[in-house]
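Undergrad: My file is entry.cif. It has mmCIF, C-alpha atoms and all ligand atoms; chains and numbers go by the auth columns:
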```cif
data_query
#
loop_
_atom_site.group_PDB
_atom_site.id
_atom_site.type_symbol
_atom_site.label_atom_id
_atom_site.label_comp_id
_atom_site.label_asym_id
_atom_site.label_seq_id
_atom_site.Cartn_x
_atom_site.Cartn_y
_atom_site.Cartn_z
_atom_site.B_iso_or_equiv
_atom_site.auth_seq_id
_atom_site.auth_asym_id
ATOM 1 C CA MET A 1 56.424 47.974 -13.498 0.00 1 A
ATOM 2 C CA GLN A 2 58.592 50.515 -11.702 0.00 2 A
ATOM 3 C CA LEU A 3 58.728 48.457 -8.517 0.00 3 A
ATOM 4 C CA ALA A 4 59.623 45.316 -10.451 0.00 4 A
ATOM 5 C CA ALA A 5 62.349 47.250 -12.305 0.00 5 A
ATOM 6 C CA ILE A 6 63.730 48.492 -8.970 0.00 6 A
ATOM 7 C CA LEU A 7 63.909 44.856 -7.849 0.00 7 A
ATOM 8 C CA GLY A 8 65.961 44.039 -10.939 0.00 8 A
ATOM 9 C CA ALA A 9 63.361 42.199 -13.021 0.00 9 A
ATOM 10 C CA ARG A 10 63.496 42.060 -16.797 0.00 10 A
ATOM 11 C CA LEU A 11 60.064 43.282 -17.853 0.00 11 A
ATOM 12 C CA THR A 12 57.708 42.493 -20.702 0.00 12 A
ATOM 13 C CA ALA A 13 54.440 44.449 -20.858 0.00 13 A
ATOM 14 C CA VAL A 14 51.267 43.713 -22.806 0.00 14 A
ATOM 15 C CA ALA A 15 49.642 47.033 -23.733 0.00 15 A
ATOM 16 C CA ARG A 16 48.178 49.201 -26.486 0.00 16 A
ATOM 17 C CA SER A 17 50.929 50.506 -28.742 0.00 17 A
ATOM 18 C CA SER A 18 50.161 54.168 -27.901 0.00 18 A
ATOM 19 C CA ALA A 19 51.329 53.439 -24.328 0.00 19 A
ATOM 20 C CA TRP A 20 54.650 51.842 -25.287 0.00 20 A
ATOM 21 C CA GLY A 21 56.769 54.993 -24.938 0.00 21 A
ATOM 22 C CA TYR A 22 55.251 55.625 -21.504 0.00 22 A
ATOM 23 C CA LEU A 23 56.007 52.052 -20.433 0.00 23 A
ATOM 24 C CA ARG A 24 59.588 52.189 -21.695 0.00 24 A
ATOM 25 C CA ASP A 25 60.056 55.287 -19.518 0.00 25 A
ATOM 26 C CA LEU A 26 58.856 53.244 -16.535 0.00 26 A
ATOM 27 C CA GLY A 27 61.544 50.631 -17.139 0.00 27 A
ATOM 28 C CA VAL A 28 59.831 48.094 -19.385 0.00 28 A
ATOM 29 C CA ASP A 29 62.267 46.187 -21.619 0.00 29 A
ATOM 30 C CA ASP A 30 59.994 44.368 -24.061 0.00 30 A
ATOM 31 C CA LEU A 31 56.534 45.222 -25.329 0.00 31 A
ATOM 32 C CA LEU A 32 53.718 43.144 -26.766 0.00 32 A
ATOM 33 C CA ASP A 33 50.501 44.405 -28.332 0.00 33 A
ATOM 34 C CA ARG A 34 47.451 43.979 -26.105 0.00 34 A
ATOM 35 C CA ALA A 35 45.880 41.642 -28.677 0.00 35 A
ATOM 36 C CA THR A 36 48.500 39.177 -27.397 0.00 36 A
ATOM 37 C CA THR A 37 47.210 36.050 -25.682 0.00 37 A
ATOM 38 C CA PRO A 38 49.279 33.809 -23.409 0.00 38 A
ATOM 39 C CA ALA A 39 49.760 31.464 -26.365 0.00 39 A
ATOM 40 C CA ASP A 40 51.824 34.051 -28.270 0.00 40 A
ATOM 41 C CA ALA A 41 53.551 35.809 -25.380 0.00 41 A
ATOM 42 C CA GLY A 42 56.706 33.677 -25.457 0.00 42 A
ATOM 43 C CA GLU A 43 57.875 31.431 -22.646 0.00 43 A
ATOM 44 C CA GLY A 44 60.041 31.129 -19.578 0.00 44 A
ATOM 45 C CA TYR A 45 58.493 33.880 -17.472 0.00 45 A
ATOM 46 C CA ASP A 46 59.052 33.712 -13.711 0.00 46 A
ATOM 47 C CA VAL A 47 55.997 35.846 -12.949 0.00 47 A
ATOM 48 C CA VAL A 48 52.969 36.855 -15.003 0.00 48 A
ATOM 49 C CA LEU A 49 51.135 39.734 -13.328 0.00 49 A
ATOM 50 C CA ASP A 50 47.665 39.874 -14.854 0.00 50 A
ATOM 51 C CA THR A 51 46.284 43.317 -13.984 0.00 51 A
ATOM 52 C CA THR A 52 43.181 42.709 -16.113 0.00 52 A
ATOM 53 C CA GLY A 53 42.162 39.389 -14.560 0.00 53 A
ATOM 54 C CA VAL A 54 41.479 37.779 -17.931 0.00 54 A
ATOM 55 C CA TRP A 55 44.380 35.311 -18.308 0.00 55 A
ATOM 56 C CA SER A 56 43.510 31.826 -17.064 0.00 56 A
ATOM 57 C CA ALA A 57 45.929 29.543 -15.284 0.00 57 A
ATOM 58 C CA ALA A 58 45.542 26.860 -17.950 0.00 58 A
ATOM 59 C CA ALA A 59 46.415 29.272 -20.760 0.00 59 A
ATOM 60 C CA THR A 60 49.248 30.933 -18.840 0.00 60 A
ATOM 61 C CA ARG A 61 50.942 27.778 -17.582 0.00 61 A
ATOM 62 C CA PRO A 62 52.881 27.040 -20.828 0.00 62 A
ATOM 63 C CA ILE A 63 54.622 30.437 -20.791 0.00 63 A
ATOM 64 C CA LEU A 64 55.727 30.179 -17.141 0.00 64 A
ATOM 65 C CA GLU A 65 58.939 28.608 -15.906 0.00 65 A
ATOM 66 C CA PRO A 66 58.001 25.020 -15.048 0.00 66 A
ATOM 67 C CA GLU A 67 57.532 24.526 -11.289 0.00 67 A
ATOM 68 C CA ALA A 68 58.751 27.994 -10.180 0.00 68 A
ATOM 69 C CA GLY A 69 56.656 30.240 -12.426 0.00 69 A
ATOM 70 C CA VAL A 70 53.651 31.967 -10.883 0.00 70 A
ATOM 71 C CA LEU A 71 50.569 33.752 -12.214 0.00 71 A
ATOM 72 C CA VAL A 72 49.626 36.704 -10.009 0.00 72 A
ATOM 73 C CA SER A 73 46.071 37.830 -10.622 0.00 73 A
ATOM 74 C CA VAL A 74 44.015 40.814 -9.500 0.00 74 A
ATOM 75 C CA ARG A 75 41.021 38.485 -9.128 0.00 75 A
ATOM 76 C CA PRO A 76 41.534 36.919 -5.682 0.00 76 A
ATOM 77 C CA LEU A 77 38.437 34.731 -5.894 0.00 77 A
ATOM 78 C CA ALA A 78 38.995 33.458 -9.431 0.00 78 A
ATOM 79 C CA ALA A 79 38.421 29.722 -9.800 0.00 79 A
ATOM 80 C CA ASP A 80 42.069 29.330 -10.912 0.00 80 A
ATOM 81 C CA ALA A 81 43.384 30.758 -7.655 0.00 81 A
ATOM 82 C CA LEU A 82 41.109 28.529 -5.586 0.00 82 A
ATOM 83 C CA VAL A 83 41.959 25.374 -7.579 0.00 83 A
ATOM 84 C CA GLY A 84 45.674 26.176 -7.275 0.00 84 A
ATOM 85 C CA ALA A 85 45.385 26.667 -3.516 0.00 85 A
ATOM 86 C CA VAL A 86 43.565 23.354 -3.050 0.00 86 A
ATOM 87 C CA ALA A 87 45.896 21.461 -5.421 0.00 87 A
ATOM 88 C CA ARG A 88 48.963 22.636 -3.474 0.00 88 A
ATOM 89 C CA ARG A 89 47.649 20.739 -0.455 0.00 89 A
ATOM 90 C CA LEU A 90 47.216 17.485 -2.376 0.00 90 A
ATOM 91 C CA PRO A 91 49.871 14.880 -3.129 0.00 91 A
ATOM 92 C CA ARG A 92 51.513 15.686 -6.467 0.00 92 A
ATOM 93 C CA ARG A 93 50.110 12.622 -8.287 0.00 93 A
ATOM 94 C CA VAL A 94 46.567 13.377 -7.119 0.00 94 A
ATOM 95 C CA ALA A 95 46.898 17.060 -8.062 0.00 95 A
ATOM 96 C CA ASP A 96 48.119 16.080 -11.539 0.00 96 A
ATOM 97 C CA VAL A 97 44.861 14.169 -12.051 0.00 97 A
ATOM 98 C CA VAL A 98 42.311 16.565 -10.531 0.00 98 A
ATOM 99 C CA ALA A 99 43.920 19.795 -11.792 0.00 99 A
ATOM 100 C CA PRO A 100 46.262 18.916 -14.677 0.00 100 A
ATOM 101 C CA SER A 101 46.386 22.448 -16.121 0.00 101 A
ATOM 102 C CA ARG A 102 47.041 24.199 -12.817 0.00 102 A
ATOM 103 C CA CYS A 103 50.013 26.458 -12.271 0.00 103 A
ATOM 104 C CA ARG A 104 51.101 28.362 -9.223 0.00 104 A
ATOM 105 C CA VAL A 105 48.532 31.119 -8.839 0.00 105 A
ATOM 106 C CA SER A 106 48.680 33.971 -6.406 0.00 106 A
ATOM 107 C CA ALA A 107 46.282 36.859 -6.048 0.00 107 A
ATOM 108 C CA VAL A 108 46.753 40.420 -4.908 0.00 108 A
ATOM 109 C CA MET A 109 44.262 42.377 -2.864 0.00 109 A
ATOM 110 C CA THR A 110 45.061 46.043 -2.519 0.00 110 A
ATOM 111 C CA ALA A 111 45.026 47.501 0.978 0.00 111 A
ATOM 112 C CA ALA A 112 46.235 50.803 2.405 0.00 112 A
ATOM 113 C CA ARG A 113 48.965 49.911 4.906 0.00 113 A
ATOM 114 C CA SER A 114 51.009 52.690 6.434 0.00 114 A
ATOM 115 C CA GLN A 115 54.268 50.711 6.191 0.00 115 A
ATOM 116 C CA ASP A 116 53.723 50.192 2.437 0.00 116 A
ATOM 117 C CA LEU A 117 52.919 53.860 1.899 0.00 117 A
ATOM 118 C CA THR A 118 56.002 54.859 3.896 0.00 118 A
ATOM 119 C CA ARG A 119 58.160 52.586 1.723 0.00 119 A
ATOM 120 C CA LEU A 120 56.657 54.032 -1.463 0.00 120 A
ATOM 121 C CA ALA A 121 57.073 57.605 -0.203 0.00 121 A
ATOM 122 C CA THR A 122 60.729 56.868 0.573 0.00 122 A
ATOM 123 C CA LEU A 123 61.283 55.596 -2.980 0.00 123 A
ATOM 124 C CA VAL A 124 59.601 58.744 -4.347 0.00 124 A
ATOM 125 C CA ASP A 125 61.777 60.962 -2.104 0.00 125 A
ATOM 126 C CA GLN A 126 64.850 59.093 -3.364 0.00 126 A
ATOM 127 C CA GLY A 127 63.788 59.764 -6.959 0.00 127 A
ATOM 128 C CA ARG A 128 63.598 56.032 -7.670 0.00 128 A
ATOM 129 C CA LEU A 129 59.814 55.899 -8.047 0.00 129 A
ATOM 130 C CA ARG A 130 57.876 58.381 -10.156 0.00 130 A
ATOM 131 C CA VAL A 131 54.170 59.183 -10.111 0.00 131 A
ATOM 132 C CA PRO A 132 53.463 60.127 -13.747 0.00 132 A
ATOM 133 C CA LEU A 133 50.495 62.456 -14.234 0.00 133 A
ATOM 134 C CA ASP A 134 48.225 62.356 -17.255 0.00 134 A
ATOM 135 C CA GLY A 135 46.111 65.280 -16.110 0.00 135 A
ATOM 136 C CA SER A 136 45.490 67.685 -13.280 0.00 136 A
ATOM 137 C CA TYR A 137 42.150 69.389 -12.541 0.00 137 A
ATOM 138 C CA GLY A 138 40.780 71.852 -10.044 0.00 138 A
ATOM 139 C CA TRP A 139 37.997 70.838 -7.650 0.00 139 A
ATOM 140 C CA GLU A 140 35.360 72.500 -9.836 0.00 140 A
ATOM 141 C CA ASP A 141 36.440 70.350 -12.803 0.00 141 A
ATOM 142 C CA ALA A 142 35.784 66.989 -11.101 0.00 142 A
ATOM 143 C CA ALA A 143 33.397 65.854 -13.845 0.00 143 A
ATOM 144 C CA ARG A 144 35.994 66.542 -16.543 0.00 144 A
ATOM 145 C CA ALA A 145 38.621 64.749 -14.462 0.00 145 A
ATOM 146 C CA HIS A 146 36.403 61.664 -14.248 0.00 146 A
ATOM 147 C CA ALA A 147 35.739 61.742 -17.990 0.00 147 A
ATOM 148 C CA HIS A 148 39.485 61.993 -18.592 0.00 148 A
ATOM 149 C CA ALA A 149 40.229 59.084 -16.213 0.00 149 A
ATOM 150 C CA GLU A 150 37.692 56.891 -17.988 0.00 150 A
ATOM 151 C CA ALA A 151 39.462 57.382 -21.316 0.00 151 A
ATOM 152 C CA GLN A 152 42.792 55.727 -22.114 0.00 152 A
ATOM 153 C CA VAL A 153 45.292 57.329 -19.772 0.00 153 A
ATOM 154 C CA CYS A 154 49.013 56.943 -19.121 0.00 154 A
ATOM 155 C CA GLY A 155 49.463 57.802 -15.461 0.00 155 A
ATOM 156 C CA LYS A 156 47.332 59.363 -12.773 0.00 156 A
ATOM 157 C CA VAL A 157 44.600 61.974 -13.091 0.00 157 A
ATOM 158 C CA VAL A 158 44.539 64.195 -10.009 0.00 158 A
ATOM 159 C CA LEU A 159 42.146 66.669 -8.468 0.00 159 A
ATOM 160 C CA VAL A 160 43.853 69.628 -6.814 0.00 160 A
ATOM 161 C CA ARG A 161 42.207 70.900 -3.652 0.00 161 A
ATOM 162 C CA PRO A 162 41.600 74.646 -3.496 0.00 162 A
HETATM 163 N N1 LIG B . 42.637 42.709 -6.219 0.00 201 B
HETATM 164 C C1 LIG B . 42.414 43.975 -5.959 0.00 201 B
HETATM 165 O O1 LIG B . 42.669 44.470 -4.863 0.00 201 B
HETATM 166 C C2 LIG B . 41.860 44.870 -7.054 0.00 201 B
HETATM 167 C C3 LIG B . 41.791 46.245 -6.841 0.00 201 B
HETATM 168 C C4 LIG B . 41.308 47.040 -7.879 0.00 201 B
HETATM 169 C C5 LIG B . 40.906 46.471 -9.082 0.00 201 B
HETATM 170 N N2 LIG B . 40.963 45.119 -9.235 0.00 201 B
HETATM 171 C C6 LIG B . 40.606 44.482 -10.512 0.00 201 B
HETATM 172 O O2 LIG B . 41.643 44.831 -11.422 0.00 201 B
HETATM 173 C C7 LIG B . 41.110 44.909 -12.750 0.00 201 B
HETATM 174 C C8 LIG B . 41.506 46.256 -13.355 0.00 201 B
HETATM 175 O O3 LIG B . 40.944 47.297 -12.558 0.00 201 B
HETATM 176 P P1 LIG B . 41.347 48.800 -12.813 0.00 201 B
HETATM 177 O O4 LIG B . 40.584 49.619 -11.835 0.00 201 B
HETATM 178 O O5 LIG B . 42.826 48.943 -12.878 0.00 201 B
HETATM 179 O O6 LIG B . 40.701 48.998 -14.251 0.00 201 B
HETATM 180 P P2 LIG B . 40.938 50.169 -15.277 0.00 201 B
HETATM 181 O O7 LIG B . 41.196 51.466 -14.571 0.00 201 B
HETATM 182 O O8 LIG B . 39.813 50.065 -16.245 0.00 201 B
HETATM 183 O O9 LIG B . 42.297 49.806 -15.991 0.00 201 B
HETATM 184 C C9 LIG B . 42.382 48.687 -16.769 0.00 201 B
HETATM 185 C C10 LIG B . 43.757 48.758 -17.448 0.00 201 B
HETATM 186 O O10 LIG B . 43.976 47.512 -18.067 0.00 201 B
HETATM 187 C C11 LIG B . 44.331 47.737 -19.414 0.00 201 B
HETATM 188 N N3 LIG B . 43.810 46.642 -20.203 0.00 201 B
HETATM 189 C C12 LIG B . 42.528 46.239 -20.348 0.00 201 B
HETATM 190 N N4 LIG B . 42.472 45.143 -21.135 0.00 201 B
HETATM 191 C C13 LIG B . 43.739 44.849 -21.487 0.00 201 B
HETATM 192 C C14 LIG B . 44.335 43.823 -22.279 0.00 201 B
HETATM 193 N N5 LIG B . 43.601 42.874 -22.870 0.00 201 B
HETATM 194 N N6 LIG B . 45.670 43.828 -22.421 0.00 201 B
HETATM 195 C C15 LIG B . 46.422 44.770 -21.820 0.00 201 B
HETATM 196 N N7 LIG B . 45.938 45.768 -21.055 0.00 201 B
HETATM 197 C C16 LIG B . 44.600 45.799 -20.898 0.00 201 B
HETATM 198 C C17 LIG B . 43.718 49.071 -19.793 0.00 201 B
HETATM 199 O O11 LIG B . 44.511 49.613 -20.812 0.00 201 B
HETATM 200 P P3 LIG B . 44.012 50.824 -21.781 0.00 201 B
HETATM 201 O O12 LIG B . 44.337 52.083 -21.065 0.00 201 B
HETATM 202 O O13 LIG B . 44.828 50.619 -22.990 0.00 201 B
HETATM 203 O O14 LIG B . 42.540 50.606 -22.017 0.00 201 B
HETATM 204 C C18 LIG B . 43.855 49.842 -18.489 0.00 201 B
HETATM 205 O O15 LIG B . 45.112 50.458 -18.391 0.00 201 B
HETATM 206 C C19 LIG B . 39.592 44.695 -12.610 0.00 201 B
HETATM 207 O O16 LIG B . 39.325 43.332 -12.907 0.00 201 B
HETATM 208 C C20 LIG B . 39.322 44.985 -11.141 0.00 201 B
HETATM 209 O O17 LIG B . 38.201 44.274 -10.667 0.00 201 B
HETATM 210 C C21 LIG B . 41.465 44.315 -8.252 0.00 201 B
#
```
Using the file provided, produce a representation of the structure as structure tokens.

TA:
Amino acid sequence: MQLAAILGARLTAVARSSAWGYLRDLGVDDLLDRATTPADAGEGYDVVLDTTGVWSAAATRPILEPEAGVLVSVRPLAADALVGAVARRLPRRVADVVAPSRCRVSAVMTAARSQDLTRLATLVDQGRLRVPLDGSYGWEDAARAHAHAEAQVCGKVVLVRP
């Protein structure tokens, strides 16, 4: 959310209502309850970033900008992503028949790249990117830290080395 806000995006988040204040602080403009499905999320989005991996391409397509809109999923091997990739290589008329409900689908796969981390660290140093903490624990409290992280959190839970 913060990175998209830095890039100038107008942001809508789907989340539990107890996290709305936290998300507004991160730059989110509009909020929808997490019971929201694509069918009631509105329309005209350029990008839908599905961090849960539960929104299908067929259901998301109607809320995306026609042609340019893209669903970005955290499930790189989801059937939607594979169908979209194959359909992009087919002539338009053929793709419309074999995958009529497709939309542009992209997938993210996290990786630790030093150039990305350097860029993020620079944004943090500049005060443009924050790393909100929900809890901080000493080494000896690792079990409590894990229990905390498995509950509903807003931000990171960190272990502090002795
Ligand atoms: N592609 C990759 O590289 C990659 C890397 C890591 C994980 N993943 C995938 O990403 C997904 C999430 O992983 P994670 O480790 O971030 O899980 P996580 O720590 O359990 O976090 C899930 C988050 O999604 C929220 N959430 C769950 N259902 C939601 C819904 N219906 N609407 C809105 N928000 C919802 C939860 O909110 P609450 O706090 O309100 O419960 C929580 O903040 C998994 O499918 C995982 O396999 C992909």

Undergrad: Given a cut-off of 12 Å, what residues near ligand LIG 201 (chain B) show up using all atoms listed in the file, put as a ChimeraX atom specification?

TA: /A:12-20,22-23,31-38,41,49-55,72-78,106-112,134,146,148-157

Undergrad: Could you spell out the hits of the PyMOL selection byres (((chain A and resi 25) around 12) and not hetatm) on the shown file, as a compact mmCIF listing (two decimals) with C-alpha atoms, in the coordinates of the input?

TA:
```txt
# COMPACT_ATOMS: atom_id res chain seq x y z
CA MET A 1 56.42 47.97 -13.50
CA GLN A 2 58.59 50.52 -11.70
CA ALA A 5 62.35 47.25 -12.30
CA ALA A 19 51.33 53.44 -24.33
CA TRP A 20 54.65 51.84 -25.29
CA GLY A 21 56.77 54.99 -24.94
CA TYR A 22 55.25 55.62 -21.50
CA LEU A 23 56.01 52.05 -20.43
CA ARG A 24 59.59 52.19 -21.70
CA LEU A 26 58.86 53.24 -16.54
CA GLY A 27 61.54 50.63 -17.14
CA VAL A 28 59.83 48.09 -19.39
CA ASP A 29 62.27 46.19 -21.62
CA ASP A 30 59.99 44.37 -24.06
CA LEU A 129 59.81 55.90 -8.05
CA ARG A 130 57.88 58.38 -10.16
CA VAL A 131 54.17 59.18 -10.11
CA PRO A 132 53.46 60.13 -13.75
CA CYS A 154 49.01 56.94 -19.12
CA GLY A 155 49.46 57.80 -15.46
```

Undergrad: For atom CA of Tyr137 of chain A and atom CA of Arg119 of chain A, quote the distance in Å rounded to one decimal.

TA: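 These atoms are spaced 27.2 Å apart.
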
Undergrad: What is the atom CA of Tyr45 of chain A to atom CA of Ala79 of chain A distance in Å?

TA: 21.9 Å

Undergrad: Measure the distance from atom CA of Gly138 of chain A to atom CA of Val160 of chain A in Å and round it to one decimal.

TA: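 We find that atom CA of Gly138 of chain A and atom CA of Val160 of chain A lie 5.0 Å from each other.
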
Undergrad: Assuming the chain letters and numbering stay as they are in my file, what does the PyMOL selection byres (((chain A and resi 67) around 12) and not hetatm) actually select? List them as a ChimeraX atom specification.

TA: /A:44-47,61-66,68-71,88,92,102-105
